[in-house]
file run.cif (mmCIF, C-alpha atoms)
data_my_file
loop_
_atom_site.label_atom_id
_atom_site.label_comp_id
_atom_site.auth_asym_id
_atom_site.auth_seq_id
_atom_site.Cartn_x
_atom_site.Cartn_y
_atom_site.Cartn_z
CA MET S 1 81.14 26.71 -127.31
CA ASN S 2 84.71 26.10 -128.39
CA SER S 3 87.46 28.64 -127.77
CA TYR S 4 87.09 30.44 -131.08
CA GLU S 5 83.31 30.76 -130.70
CA ARG S 6 83.73 31.96 -127.11
CA VAL S 7 86.03 34.83 -128.07
CA ARG S 8 83.92 35.77 -131.09
CA CYS S 9 80.92 35.94 -128.77
CA VAL S 10 82.67 38.52 -126.58
CA LEU S 11 83.79 40.53 -129.61
CA GLU S 12 80.18 40.64 -130.82
CA GLY S 13 78.91 41.96 -127.49
CA ARG S 14 77.23 38.75 -126.32
CA LEU S 15 77.70 36.61 -123.21
CA PRO S 16 79.70 33.43 -123.86
CA ASP S 17 79.28 30.17 -121.95
CA ARG S 18 82.20 31.22 -119.74
CA VAL S 19 84.89 33.90 -119.54
CA PRO S 20 87.52 33.34 -122.27
CA CYS S 21 91.10 32.91 -121.04
CA ILE S 22 93.97 34.10 -123.25
CA PRO S 23 97.23 34.28 -121.25
CA MET S 24 100.17 36.07 -122.85
CA ILE S 25 102.49 33.23 -123.77
CA ARG S 26 105.54 32.80 -125.93
CA GLU S 27 108.26 30.28 -125.08
CA TRP S 28 106.46 29.10 -121.94
CA ALA S 29 104.82 26.45 -124.06
CA ALA S 30 108.17 25.41 -125.56
CA VAL S 31 109.74 25.10 -122.11
CA GLN S 32 106.92 22.76 -121.05
CA LYS S 33 108.01 20.49 -123.90
CA GLY S 34 111.71 20.64 -122.99
CA TYR S 35 112.84 23.38 -125.39
CA GLY S 36 114.18 26.90 -124.97
CA LEU S 37 113.48 29.95 -127.11
CA ILE S 38 116.60 29.33 -129.19
CA ASP S 39 115.28 25.83 -130.03
CA VAL S 40 112.06 27.12 -131.58
CA MET S 41 113.10 30.50 -133.02
CA ASP S 42 113.78 29.09 -136.49
CA ASP S 43 111.55 26.01 -136.31
CA PRO S 44 107.92 27.08 -136.80
CA ASP S 45 106.68 23.48 -136.88
CA ARG S 46 108.18 22.74 -133.46
CA TYR S 47 107.01 26.06 -132.04
CA ALA S 48 103.45 25.56 -133.30
CA ALA S 49 103.31 22.01 -131.94
CA CYS S 50 104.34 23.24 -128.49
CA GLN S 51 101.74 26.00 -128.56
CA HIS S 52 98.95 23.69 -129.65
CA ASP S 53 99.79 20.88 -127.24
CA CYS S 54 99.89 23.18 -124.20
CA ALA S 55 96.68 24.99 -125.17
CA MET S 56 94.87 21.69 -125.53
CA THR S 57 96.29 20.27 -122.30
CA VAL S 58 95.76 23.28 -120.02
CA GLY S 59 92.60 24.48 -121.74
CA TYR S 60 93.15 28.16 -122.39
CA ASP S 61 91.54 29.60 -125.50
CA SER S 62 94.42 30.66 -127.72
CA VAL S 63 97.70 29.79 -129.38
CA SER S 64 100.31 32.51 -129.80
CA ASP S 65 102.76 33.34 -132.55
CA LEU S 66 106.49 33.91 -131.97
CA ASN S 67 105.79 37.35 -130.58
CA ALA S 68 107.88 40.19 -129.17
CA VAL S 69 111.17 39.11 -130.73
CA ASN S 70 111.92 42.47 -132.39
CA ALA S 71 111.14 41.05 -135.82
CA GLU S 72 110.06 44.48 -137.05
CA ALA S 73 113.22 46.21 -135.80
CA GLU S 74 115.37 43.58 -137.49
CA ALA S 75 113.47 43.86 -140.77
CA MET S 76 113.96 47.64 -140.73
CA GLY S 77 117.71 47.51 -140.17
CA CYS S 78 118.50 46.87 -136.51
CA VAL S 79 121.12 44.27 -135.65
CA LEU S 80 119.98 41.83 -132.98
CA LYS S 81 122.24 40.04 -130.57
CA ASN S 82 123.25 36.53 -131.62
CA GLY S 83 120.92 33.97 -130.10
CA ASP S 84 118.90 36.75 -128.50
CA ILE S 85 115.94 38.97 -129.30
CA SER S 86 117.30 42.27 -128.00
CA VAL S 87 118.65 45.06 -130.21
CA LYS S 88 122.46 45.14 -130.41
CA LYS S 89 122.73 48.02 -132.88
CA PRO S 90 119.89 50.49 -133.62
CA ALA S 91 119.12 51.34 -137.25
CA ILE S 92 118.87 55.10 -136.68
CA GLU S 93 122.11 56.68 -135.52
CA ASP S 94 121.65 59.85 -137.57
CA TYR S 95 118.21 60.84 -138.87
CA LYS S 96 119.44 62.66 -141.98
CA ARG S 97 121.58 59.72 -143.06
CA ASP S 98 119.68 56.68 -141.82
CA LEU S 99 116.00 57.53 -142.17
CA ALA S 100 116.20 57.22 -145.95
CA ARG S 101 117.55 53.68 -145.56
CA ILE S 102 114.31 52.43 -144.05
CA GLY S 103 112.31 51.18 -146.97
CA SER S 104 109.11 49.20 -147.26
CA VAL S 105 109.48 45.84 -145.54
CA ASP S 106 108.49 42.62 -147.27
CA PRO S 107 107.05 40.37 -144.56
CA GLU S 108 107.64 37.29 -146.73
CA LYS S 109 111.36 38.00 -147.06
CA ASP S 110 112.74 40.33 -144.41
CA GLY S 111 114.36 39.28 -141.14
CA ARG S 112 112.44 36.87 -138.93
CA MET S 113 109.05 37.90 -140.30
CA PRO S 114 108.79 34.92 -142.71
CA VAL S 115 109.37 32.47 -139.84
CA ILE S 116 106.64 34.12 -137.77
CA LEU S 117 104.23 34.09 -140.71
CA GLU S 118 104.89 30.41 -141.35
CA GLY S 119 104.24 29.70 -137.68
CA VAL S 120 100.88 31.48 -137.92
CA ARG S 121 99.95 29.48 -141.02
CA ILE S 122 100.79 26.24 -139.24
CA LEU S 123 98.86 27.24 -136.12
CA LYS S 124 95.80 28.14 -138.18
CA ARG S 125 96.05 24.89 -140.11
CA ILE S 126 96.24 22.88 -136.88
CA CYS S 127 93.60 24.84 -134.95
CA GLY S 128 91.16 25.88 -137.64
CA ASN S 129 88.33 27.61 -135.84
CA GLU S 130 88.88 25.73 -132.59
CA LYS S 131 91.46 27.94 -130.84
CA VAL S 132 92.10 31.64 -131.43
CA VAL S 133 95.39 32.34 -133.22
CA PHE S 134 96.88 35.28 -131.31
CA SER S 135 99.53 37.39 -133.09
CA TYR S 136 101.58 40.45 -132.22
CA VAL S 137 102.65 43.74 -133.80
CA GLN S 138 104.55 46.53 -132.08
CA ALA S 139 102.80 49.88 -131.93
CA PRO S 140 104.65 52.52 -133.96
CA PHE S 141 105.82 54.38 -130.83
CA ARG S 142 107.45 51.17 -129.57
CA ALA S 143 108.90 50.12 -132.93
CA ALA S 144 110.43 53.56 -133.48
CA ALA S 145 112.04 53.43 -130.04
CA MET S 146 113.67 50.11 -130.95
CA LEU S 147 115.05 51.57 -134.17
CA ARG S 148 116.57 54.57 -132.44
CA GLY S 149 117.28 53.24 -128.93
CA VAL S 150 114.84 53.96 -126.11
CA GLU S 151 116.77 56.66 -124.24
CA ARG S 152 117.72 58.61 -127.36
CA PHE S 153 114.20 58.26 -128.72
CA LEU S 154 112.67 59.73 -125.59
CA LYS S 155 115.10 62.66 -125.72
CA ASP S 156 114.24 63.15 -129.40
CA CYS S 157 110.55 63.36 -128.54
CA LEU S 158 111.37 66.50 -126.56
CA LYS S 159 114.18 67.99 -128.65
CA ASP S 160 113.48 66.83 -132.22
CA PRO S 161 109.79 65.92 -132.61
CA VAL S 162 109.92 66.60 -136.37
CA SER S 163 112.44 63.79 -136.94
CA VAL S 164 110.49 61.52 -134.58
CA ALA S 165 107.30 62.13 -136.58
CA ALA S 166 109.11 61.33 -139.84
CA LEU S 167 110.36 58.05 -138.36
CA LEU S 168 106.89 57.21 -137.06
CA GLU S 169 105.42 57.76 -140.53
CA LYS S 170 107.71 55.13 -142.04
CA VAL S 171 107.32 52.73 -139.14
CA THR S 172 103.52 52.89 -139.19
CA GLU S 173 103.30 51.88 -142.84
CA ASN S 174 105.64 48.95 -142.24
CA GLN S 175 103.69 47.83 -139.20
CA ILE S 176 100.51 47.84 -141.28
CA ARG S 177 102.26 45.66 -143.88
CA PHE S 178 103.43 43.17 -141.27
CA GLY S 179 100.12 43.05 -139.42
CA SER S 180 98.18 42.64 -142.64
CA ALA S 181 100.43 39.72 -143.59
CA LEU S 182 99.77 38.13 -140.18
CA SER S 183 96.03 38.50 -140.75
CA GLU S 184 96.31 36.95 -144.20
CA ALA S 185 98.36 34.08 -142.74
CA GLY S 186 95.53 33.23 -140.35
CA ALA S 187 95.74 35.42 -137.23
CA ASP S 188 92.37 35.88 -135.58
CA LEU S 189 93.48 38.43 -132.98
CA ILE S 190 96.47 40.78 -133.13
CA GLU S 191 97.98 42.43 -130.08
CA VAL S 192 99.21 45.95 -130.80
CA SER S 193 101.82 46.22 -128.07
CA ASP S 194 102.84 49.65 -126.85
CA PRO S 195 104.85 49.61 -123.62
CA MET S 196 106.26 53.02 -124.62
CA SER S 197 102.83 54.57 -124.00
CA SER S 198 102.99 53.63 -120.31
CA GLY S 199 102.47 56.29 -117.68
CA ASP S 200 105.76 55.02 -116.24
CA ILE S 201 107.60 56.27 -119.35
CA VAL S 202 105.80 59.24 -120.95
CA THR S 203 103.20 61.72 -119.81
CA ARG S 204 99.68 61.64 -121.17
CA LYS S 205 100.43 64.80 -123.14
CA GLN S 206 103.54 63.29 -124.74
CA TYR S 207 101.65 60.16 -125.74
CA GLU S 208 98.73 62.16 -127.08
CA SER S 209 100.97 64.42 -129.18
CA LEU S 210 103.09 61.68 -130.78
CA GLY S 211 102.13 58.06 -130.14
CA PHE S 212 98.35 58.20 -130.23
CA SER S 213 97.64 59.18 -133.83
CA PHE S 214 100.07 56.64 -135.28
CA SER S 215 98.65 53.78 -133.21
CA LYS S 216 95.17 54.82 -134.29
CA ARG S 217 96.26 54.71 -137.93
CA LEU S 218 97.87 51.29 -137.48
CA ILE S 219 94.77 49.83 -135.84
CA ALA S 220 92.50 51.25 -138.54
CA GLY S 221 94.75 49.80 -141.23
CA LEU S 222 94.79 46.35 -139.65
CA LYS S 223 91.05 46.25 -139.03
CA LYS S 224 90.50 46.65 -142.77
CA THR S 225 91.77 43.06 -143.07
CA GLY S 226 89.00 41.79 -140.78
CA VAL S 227 91.28 40.84 -137.88
CA ALA S 228 90.33 41.74 -134.31
CA ILE S 229 92.72 43.99 -132.34
CA VAL S 230 93.71 44.06 -128.68
CA HIS S 231 95.77 47.07 -127.60
CA HIS S 232 98.26 46.40 -124.79
CA ALA S 233 100.24 48.86 -122.71
CA CYS S 234 102.42 48.13 -119.70
CA GLY S 235 102.42 49.92 -116.35
CA ASP S 236 99.87 52.30 -114.91
CA THR S 237 97.88 53.85 -117.76
CA THR S 238 94.78 54.88 -115.79
CA ASP S 239 95.14 58.53 -116.79
CA ARG S 240 94.96 57.73 -120.52
CA LEU S 241 92.40 54.94 -120.71
CA ASP S 242 90.00 57.24 -122.56
CA LEU S 243 92.67 57.75 -125.23
CA PHE S 244 93.21 54.01 -125.53
CA CYS S 245 89.47 53.56 -125.96
CA ALA S 246 89.53 56.10 -128.79
CA LEU S 247 92.15 54.10 -130.70
CA GLY S 248 89.47 51.84 -132.15
CA ALA S 249 90.80 48.51 -130.85
CA ASP S 250 88.32 45.72 -130.10
CA MET S 251 89.85 45.00 -126.67
CA LEU S 252 92.06 46.84 -124.18
CA SER S 253 94.74 44.77 -122.45
CA LEU S 254 95.64 46.36 -119.13
CA ASP S 255 98.71 45.74 -117.00
CA GLN S 256 98.25 44.57 -113.43
CA ALA S 257 99.13 48.12 -112.31
CA VAL S 258 95.68 49.22 -113.53
CA ASP S 259 92.72 48.50 -111.27
CA LEU S 260 90.07 46.84 -113.44
CA GLY S 261 87.28 48.25 -111.30
CA GLU S 262 88.55 51.77 -111.92
CA ALA S 263 88.96 51.02 -115.63
CA ARG S 264 85.39 49.78 -115.78
CA ARG S 265 84.19 53.02 -114.15
CA ILE S 266 86.15 55.18 -116.60
CA LEU S 267 85.37 53.32 -119.83
CA PRO S 268 82.07 52.63 -121.59
CA GLU S 269 80.18 49.59 -120.34
CA ASP S 270 80.67 47.73 -123.61
CA ALA S 271 84.46 48.28 -123.74
CA VAL S 272 86.06 44.81 -123.74
CA LEU S 273 88.76 44.57 -121.08
CA PHE S 274 91.58 42.03 -121.24
CA GLY S 275 93.64 41.15 -118.19
CA ASN S 276 95.19 41.28 -115.73
CA VAL S 277 96.50 38.60 -113.37
CA ASP S 278 100.00 39.57 -112.20
CA PRO S 279 102.67 37.49 -114.02
CA LEU S 280 104.77 37.54 -110.84
CA LEU S 281 101.92 35.97 -108.89
CA LEU S 282 101.48 33.41 -111.65
CA ARG S 283 105.14 32.47 -111.28
CA GLU S 284 105.53 32.62 -107.51
CA GLY S 285 102.07 32.23 -106.02
CA THR S 286 100.08 29.15 -105.13
CA PRO S 287 97.24 27.83 -107.32
CA ALA S 288 94.78 29.04 -104.68
CA GLU S 289 96.26 32.55 -104.81
CA VAL S 290 96.11 32.56 -108.61
CA ARG S 291 92.50 31.41 -108.53
CA ASP S 292 91.57 34.18 -106.09
CA ALA S 293 93.36 36.81 -108.20
CA ALA S 294 91.60 35.59 -111.35
CA PHE S 295 88.22 35.81 -109.61
CA ARG S 296 89.00 39.36 -108.47
CA CYS S 297 89.81 40.34 -112.06
CA MET S 298 86.61 38.83 -113.38
CA LYS S 299 84.44 40.37 -110.67
CA LYS S 300 85.91 43.82 -111.26
CA GLY S 301 86.14 43.71 -115.03
CA GLY S 302 83.62 41.21 -116.28
CA GLN S 303 80.46 40.97 -114.22
CA LYS S 304 78.36 41.85 -117.27
CA GLY S 305 80.61 40.29 -119.88
CA ALA S 306 82.88 42.25 -122.23
CA PHE S 307 85.91 40.65 -120.62
CA VAL S 308 88.77 38.25 -121.40
CA LEU S 309 90.87 36.85 -118.56
CA SER S 310 94.59 37.13 -119.19
CA SER S 311 97.91 37.83 -117.57
CA GLY S 312 98.93 41.44 -117.09
CA CYS S 313 101.84 40.93 -119.48
CA LEU S 314 103.99 38.13 -120.95
CA ILE S 315 104.28 35.27 -118.47
CA SER S 316 107.62 33.94 -117.24
CA VAL S 317 108.96 30.70 -118.69
CA ASP S 318 109.18 29.18 -115.20
CA THR S 319 105.53 29.77 -114.39
CA PRO S 320 104.18 26.49 -112.89
CA THR S 321 101.71 24.60 -115.06
CA GLU S 322 99.41 24.18 -112.07
CA ASN S 323 99.14 27.97 -111.77
CA MET S 324 98.21 28.30 -115.42
CA GLN S 325 95.63 25.58 -114.86
CA ALA S 326 94.27 27.44 -111.84
CA MET S 327 93.67 30.54 -113.96
CA VAL S 328 91.84 28.51 -116.61
CA ASP S 329 89.81 26.67 -113.98
CA ALA S 330 88.77 30.00 -112.46
CA ALA S 331 87.50 31.15 -115.87
CA CYS S 332 85.49 27.94 -116.15
CA GLU S 333 84.01 28.29 -112.65
CA TYR S 334 83.12 32.00 -112.73
CA ARG S 335 79.49 32.96 -113.22
CA TYR S 336 78.43 36.34 -114.60
CA GLY S 337 76.47 38.79 -112.50
#
call {"tool": "encode", "arguments": {"input": "run.cif", "output": "structure tokens"}}
result
Amino acid sequence: MNSYERVRCVLEGRLPDRVPCIPMIREWAAVQKGYGLIDVMDDPDRYAACQHDCAMTVGYDSVSDLNAVNAEAEAMGCVLKNGDISVKKPAIEDYKRDLARIGSVDPEKDGRMPVILEGVRILKRICGNEKVVFSYVQAPFRAAAMLRGVERFLKDCLKDPVSVAALLEKVTENQIRFGSALSEAGADLIEVSDPMSSGDIVTRKQYESLGFSFSKRLIAGLKKTGVAIVHHACGDTTDRLDLFCALGADMLSLDQAVDLGEARRILPEDAVLFGNVDPLLLREGTPAEVRDAAFRCMKKGGQKGAFVLSSGCLISVDTPTENMQAMVDAACEYRYG
């Protein structure tokens, strides 16, 4: 099997020849080729070449788009810091005044979205059906927090849930537009990223009352395009794994704070888990330690299949190549059962 066939096999509920390995990567690949994030942000050809070269050299099963750079926030009116990807000025200072200014985004024209889409097209053209093209869309709860500012948004969830819901309505439709454009451009798998749904940030009840229904709508909208979805949340989310399962995603990406054995006990046997080698261990550990951690993940989460080996979150740019190789080698060596 090649990488694409291997991942499709898991999505279809069958055992592949080995456990697929899809680490969460962005500029790590660029750094391996001597570039920084700023060098590839507006050069999709260079970015795609770095992604493809590293995937072929190390042997993991995916190439990743220019993800998690607040493209959606920028397209909806936030000002980003120069040469950075963080929000300098939120778009929503006053709901009554600013909410009406958020219109329908055009992924082919607005902000950094066109650059990301072009990168996906290039990656698909290079990889075809050999490697999985892995893209990224913020969950509505996360995107809305970027538009308002995280602290104010969390206060609004308690004090002004009506305005929060109105913002989430607009955000969800725009996220569906962006994700659908990514699918059309060639994405095979889209990560719906929702760190705001973490148990470290909101209670289960808060997530269930506001974030859940909008993420469910986003995932349903994206799946109409035929793309597969992996839902990711940071931190300890053990108390809401059943809610994540009900979102309708094809895979659940779990942070290293979640014990995969416990997740496997809570969730249905056929739920596809995705994770969760600690990015800090990947950066600071030895290859032997990484290999052992990867084997623990696979034994807990993937003895009967329905599993993709990954990092618990985005890996650091200074993660040693030999540690990435150790994770891939572990996936190649592991035997089911």
call {"tool": "closest_residue", "arguments": {"input": "run.cif", "among": "S:Pro16, S:Pro44, S:Pro287, S:Pro140", "to": "Glu72 in chain S", "atoms": "all atoms listed in the file"}}
result
S:Pro140
call {"tool": "residues_around", "arguments": {"input": "run.cif", "residues": "range 241-245 of chain S", "least_positions_apart": "5", "cutoff": "12 Å", "atoms": "only C-alpha atoms", "output": "VMD selection string"}}
result
chain S and resid 192 to 194 197 to 199 204 to 205 207 to 209 211 to 213 215 to 216 219 229 to 233 236 250 to 255 258 to 260 262 to 273
call {"tool": "resolve_selection", "arguments": {"input": "run.cif", "expression": "the PyMOL selection byres ((chain S and resi 314) around 9)", "output": "list in words"}}
result
Pro23, Met24, Ile25, Arg26, Pro279, Ser311, Gly312, Cys313, Ile315 and Ser316 of chain S
call {"tool": "atom_distance", "arguments": {"input": "run.cif", "atom1": "CA of Gln175 in chain S", "atom2": "CA of Ile201 in chain S"}}
result
21.9 Å
call {"tool": "resolve_selection", "arguments": {"input": "run.cif", "expression": "the PyMOL selection byres ((chain S and resi 5) around 12)", "output": "list in words"}}
result
Met1, Asn2, Ser3, Tyr4, Arg6, Val7, Arg8, Cys9, Val10, Leu11, Glu12, Arg14, Leu15, Pro16, Asp17, Arg18, Val19, Pro20, Asp61, Ser62, Gly128, Asn129, Glu130, Lys131, Val132 and Asp188 of chain S
call {"tool": "atom_distance", "arguments": {"input": "run.cif", "atom1": "CA of Leu147 in chain S", "atom2": "CA of Glu184 in chain S"}}
result
25.8 Å
call {"tool": "residues_near_point", "arguments": {"input": "run.cif", "point": "(113.4, 60.0, -140.6)", "cutoff": "10 Å", "atoms": "only C-alpha atoms", "output": "PDB file with C-alpha atoms, keeping the file's coordinate frame"}}
result
ATOM      1  CA  ILE S  92     118.870  55.100-136.680  1.00  0.00           C
ATOM      2  CA  ASP S  94     121.650  59.850-137.570  1.00  0.00           C
ATOM      3  CA  TYR S  95     118.210  60.840-138.870  1.00  0.00           C
ATOM      4  CA  LYS S  96     119.440  62.660-141.980  1.00  0.00           C
ATOM      5  CA  ARG S  97     121.580  59.720-143.060  1.00  0.00           C
ATOM      6  CA  ASP S  98     119.680  56.680-141.820  1.00  0.00           C
ATOM      7  CA  LEU S  99     116.000  57.530-142.170  1.00  0.00           C
ATOM      8  CA  ALA S 100     116.200  57.220-145.950  1.00  0.00           C
ATOM      9  CA  ARG S 101     117.550  53.680-145.560  1.00  0.00           C
ATOM     10  CA  ILE S 102     114.310  52.430-144.050  1.00  0.00           C
ATOM     11  CA  VAL S 162     109.920  66.600-136.370  1.00  0.00           C
ATOM     12  CA  SER S 163     112.440  63.790-136.940  1.00  0.00           C
ATOM     13  CA  VAL S 164     110.490  61.520-134.580  1.00  0.00           C
ATOM     14  CA  ALA S 165     107.300  62.130-136.580  1.00  0.00           C
ATOM     15  CA  ALA S 166     109.110  61.330-139.840  1.00  0.00           C
ATOM     16  CA  LEU S 167     110.360  58.050-138.360  1.00  0.00           C
ATOM     17  CA  LEU S 168     106.890  57.210-137.060  1.00  0.00           C
ATOM     18  CA  GLU S 169     105.420  57.760-140.530  1.00  0.00           C
ATOM     19  CA  LYS S 170     107.710  55.130-142.040  1.00  0.00           C
ATOM     20  CA  VAL S 171     107.320  52.730-139.140  1.00  0.00           C
TER      21      VAL S 171
END
call {"tool": "atom_distance", "arguments": {"input": "run.cif", "atom1": "CA of Arg283 in chain S", "atom2": "CA of Thr319 in chain S"}}
result
4.1 Å
call {"tool": "closest_residue", "arguments": {"input": "run.cif", "among": "S:Lys300, S:Arg291, S:Lys124, S:Lys224", "to": "Cys332 in chain S", "atoms": "all atoms listed in the file"}}
result
S:Arg291
call {"tool": "axis_aligned_box", "arguments": {"input": "run.cif", "around": "range 224-237 of chain S", "padding_each_side": "5 Å", "output": "lines of an AutoDock Vina configuration file"}}
result
center_x = 95.7
center_y = 47.3
center_z = -129.0
size_x = 23.4
size_y = 23.0
size_z = 38.2
call {"tool": "closest_residue", "arguments": {"input": "run.cif", "among": "S:Ile38, S:Leu158, S:Val31, S:Cys21", "to": "Leu309 in chain S", "atoms": "all atoms listed in the file"}}
result
S:Cys21
call {"tool": "residues_around", "arguments": {"input": "run.cif", "residues": "Pro320 in chain S", "least_positions_apart": "2", "cutoff": "12 Å", "atoms": "all atoms listed in the file", "output": "CSV table (one decimal) with C-alpha atoms, in the coordinates of the input"}}
result
chain,number,residue,atom,x,y,z
S,28,TRP,CA,106.5,29.1,-121.9
S,29,ALA,CA,104.8,26.4,-124.1
S,31,VAL,CA,109.7,25.1,-122.1
S,32,GLN,CA,106.9,22.8,-121.0
S,58,VAL,CA,95.8,23.3,-120.0
S,279,PRO,CA,102.7,37.5,-114.0
S,280,LEU,CA,104.8,37.5,-110.8
S,281,LEU,CA,101.9,36.0,-108.9
S,282,LEU,CA,101.5,33.4,-111.6
S,283,ARG,CA,105.1,32.5,-111.3
S,284,GLU,CA,105.5,32.6,-107.5
S,285,GLY,CA,102.1,32.2,-106.0
S,286,THR,CA,100.1,29.2,-105.1
S,287,PRO,CA,97.2,27.8,-107.3
S,290,VAL,CA,96.1,32.6,-108.6
S,315,ILE,CA,104.3,35.3,-118.5
S,316,SER,CA,107.6,33.9,-117.2
S,317,VAL,CA,109.0,30.7,-118.7
S,318,ASP,CA,109.2,29.2,-115.2
S,322,GLU,CA,99.4,24.2,-112.1
S,323,ASN,CA,99.1,28.0,-111.8
S,324,MET,CA,98.2,28.3,-115.4
S,325,GLN,CA,95.6,25.6,-114.9
S,326,ALA,CA,94.3,27.4,-111.8
S,327,MET,CA,93.7,30.5,-114.0
call {"tool": "resolve_selection", "arguments": {"input": "run.cif", "expression": "the PyMOL selection byres ((chain S and resi 77) around 12)", "output": "PyMOL selection string"}}
result
chain S and resi 70-76+78-80+87-93+98-105+110-112+143-144+146-148+171
call {"tool": "write_last_selection", "arguments": {"input": "run.cif", "atoms": "C-alpha atoms", "output": "PDB file, keeping the file's coordinate frame"}}
result
ATOM      1  CA  ASN S  70     111.920  42.470-132.390  1.00  0.00           C
ATOM      2  CA  ALA S  71     111.140  41.050-135.820  1.00  0.00           C
ATOM      3  CA  GLU S  72     110.060  44.480-137.050  1.00  0.00           C
ATOM      4  CA  ALA S  73     113.220  46.210-135.800  1.00  0.00           C
ATOM      5  CA  GLU S  74     115.370  43.580-137.490  1.00  0.00           C
ATOM      6  CA  ALA S  75     113.470  43.860-140.770  1.00  0.00           C
ATOM      7  CA  MET S  76     113.960  47.640-140.730  1.00  0.00           C
ATOM      8  CA  CYS S  78     118.500  46.870-136.510  1.00  0.00           C
ATOM      9  CA  VAL S  79     121.120  44.270-135.650  1.00  0.00           C
ATOM     10  CA  LEU S  80     119.980  41.830-132.980  1.00  0.00           C
ATOM     11  CA  VAL S  87     118.650  45.060-130.210  1.00  0.00           C
ATOM     12  CA  LYS S  88     122.460  45.140-130.410  1.00  0.00           C
ATOM     13  CA  LYS S  89     122.730  48.020-132.880  1.00  0.00           C
ATOM     14  CA  PRO S  90     119.890  50.490-133.620  1.00  0.00           C
ATOM     15  CA  ALA S  91     119.120  51.340-137.250  1.00  0.00           C
ATOM     16  CA  ILE S  92     118.870  55.100-136.680  1.00  0.00           C
ATOM     17  CA  GLU S  93     122.110  56.680-135.520  1.00  0.00           C
ATOM     18  CA  ASP S  98     119.680  56.680-141.820  1.00  0.00           C
ATOM     19  CA  LEU S  99     116.000  57.530-142.170  1.00  0.00           C
ATOM     20  CA  ALA S 100     116.200  57.220-145.950  1.00  0.00           C
ATOM     21  CA  ARG S 101     117.550  53.680-145.560  1.00  0.00           C
ATOM     22  CA  ILE S 102     114.310  52.430-144.050  1.00  0.00           C
ATOM     23  CA  GLY S 103     112.310  51.180-146.970  1.00  0.00           C
ATOM     24  CA  SER S 104     109.110  49.200-147.260  1.00  0.00           C
ATOM     25  CA  VAL S 105     109.480  45.840-145.540  1.00  0.00           C
ATOM     26  CA  ASP S 110     112.740  40.330-144.410  1.00  0.00           C
ATOM     27  CA  GLY S 111     114.360  39.280-141.140  1.00  0.00           C
ATOM     28  CA  ARG S 112     112.440  36.870-138.930  1.00  0.00           C
ATOM     29  CA  ALA S 143     108.900  50.120-132.930  1.00  0.00           C
ATOM     30  CA  ALA S 144     110.430  53.560-133.480  1.00  0.00           C
ATOM     31  CA  MET S 146     113.670  50.110-130.950  1.00  0.00           C
ATOM     32  CA  LEU S 147     115.050  51.570-134.170  1.00  0.00           C
ATOM     33  CA  ARG S 148     116.570  54.570-132.440  1.00  0.00           C
ATOM     34  CA  VAL S 171     107.320  52.730-139.140  1.00  0.00           C
TER      35      VAL S 171
END
call {"tool": "closest_residue", "arguments": {"input": "run.cif", "among": "S:Lys33, S:Ala187, S:Ala293, S:Val227", "to": "Asp53 in chain S", "atoms": "only C-alpha atoms"}}
result
S:Lys33
call {"tool": "residues_around", "arguments": {"input": "run.cif", "residues": "Ala220 in chain S", "least_positions_apart": "5", "cutoff": "10 Å", "atoms": "only C-alpha atoms", "output": "ChimeraX atom specification"}}
result
/S:176,214-215,225,229,247-249
call {"tool": "build_atoms", "arguments": {"input": "run.cif", "residues": "range 78-87 of chain S", "atoms": "N, CA and C atoms", "output": "PDB file, in the coordinates of the input"}}
result
ATOM      1  N   CYS S  78     117.783  47.071-137.760  1.00  0.00           N
ATOM      2  CA  CYS S  78     118.500  46.870-136.510  1.00  0.00           C
ATOM      3  C   CYS S  78     119.278  45.545-136.553  1.00  0.00           C
ATOM      4  N   VAL S  79     120.369  45.508-135.825  1.00  0.00           N
ATOM      5  CA  VAL S  79     121.120  44.270-135.650  1.00  0.00           C
ATOM      6  C   VAL S  79     120.766  43.713-134.277  1.00  0.00           C
ATOM      7  N   LEU S  80     120.321  42.465-134.245  1.00  0.00           N
ATOM      8  CA  LEU S  80     119.980  41.830-132.980  1.00  0.00           C
ATOM      9  C   LEU S  80     121.160  41.037-132.461  1.00  0.00           C
ATOM     10  N   LYS S  81     121.183  40.829-131.168  1.00  0.00           N
ATOM     11  CA  LYS S  81     122.240  40.040-130.570  1.00  0.00           C
ATOM     12  C   LYS S  81     122.123  38.582-131.001  1.00  0.00           C
ATOM     13  N   ASN S  82     123.257  37.927-131.210  1.00  0.00           N
ATOM     14  CA  ASN S  82     123.250  36.530-131.620  1.00  0.00           C
ATOM     15  C   ASN S  82     122.572  35.674-130.564  1.00  0.00           C
ATOM     16  N   GLY S  83     121.613  34.854-131.018  1.00  0.00           N
ATOM     17  CA  GLY S  83     120.920  33.970-130.100  1.00  0.00           C
ATOM     18  C   GLY S  83     120.013  34.693-129.125  1.00  0.00           C
ATOM     19  N   ASP S  84     119.695  35.944-129.419  1.00  0.00           N
ATOM     20  CA  ASP S  84     118.900  36.750-128.500  1.00  0.00           C
ATOM     21  C   ASP S  84     117.828  37.469-129.308  1.00  0.00           C
ATOM     22  N   ILE S  85     116.980  38.204-128.617  1.00  0.00           N
ATOM     23  CA  ILE S  85     115.940  38.970-129.300  1.00  0.00           C
ATOM     24  C   ILE S  85     116.064  40.453-129.017  1.00  0.00           C
ATOM     25  N   SER S  86     117.115  40.865-128.328  1.00  0.00           N
ATOM     26  CA  SER S  86     117.300  42.270-128.000  1.00  0.00           C
ATOM     27  C   SER S  86     118.127  42.967-129.082  1.00  0.00           C
ATOM     28  N   VAL S  87     117.966  44.277-129.174  1.00  0.00           N
ATOM     29  CA  VAL S  87     118.650  45.060-130.210  1.00  0.00           C
ATOM     30  C   VAL S  87     120.103  45.311-129.786  1.00  0.00           C
TER      31      VAL S  87
END
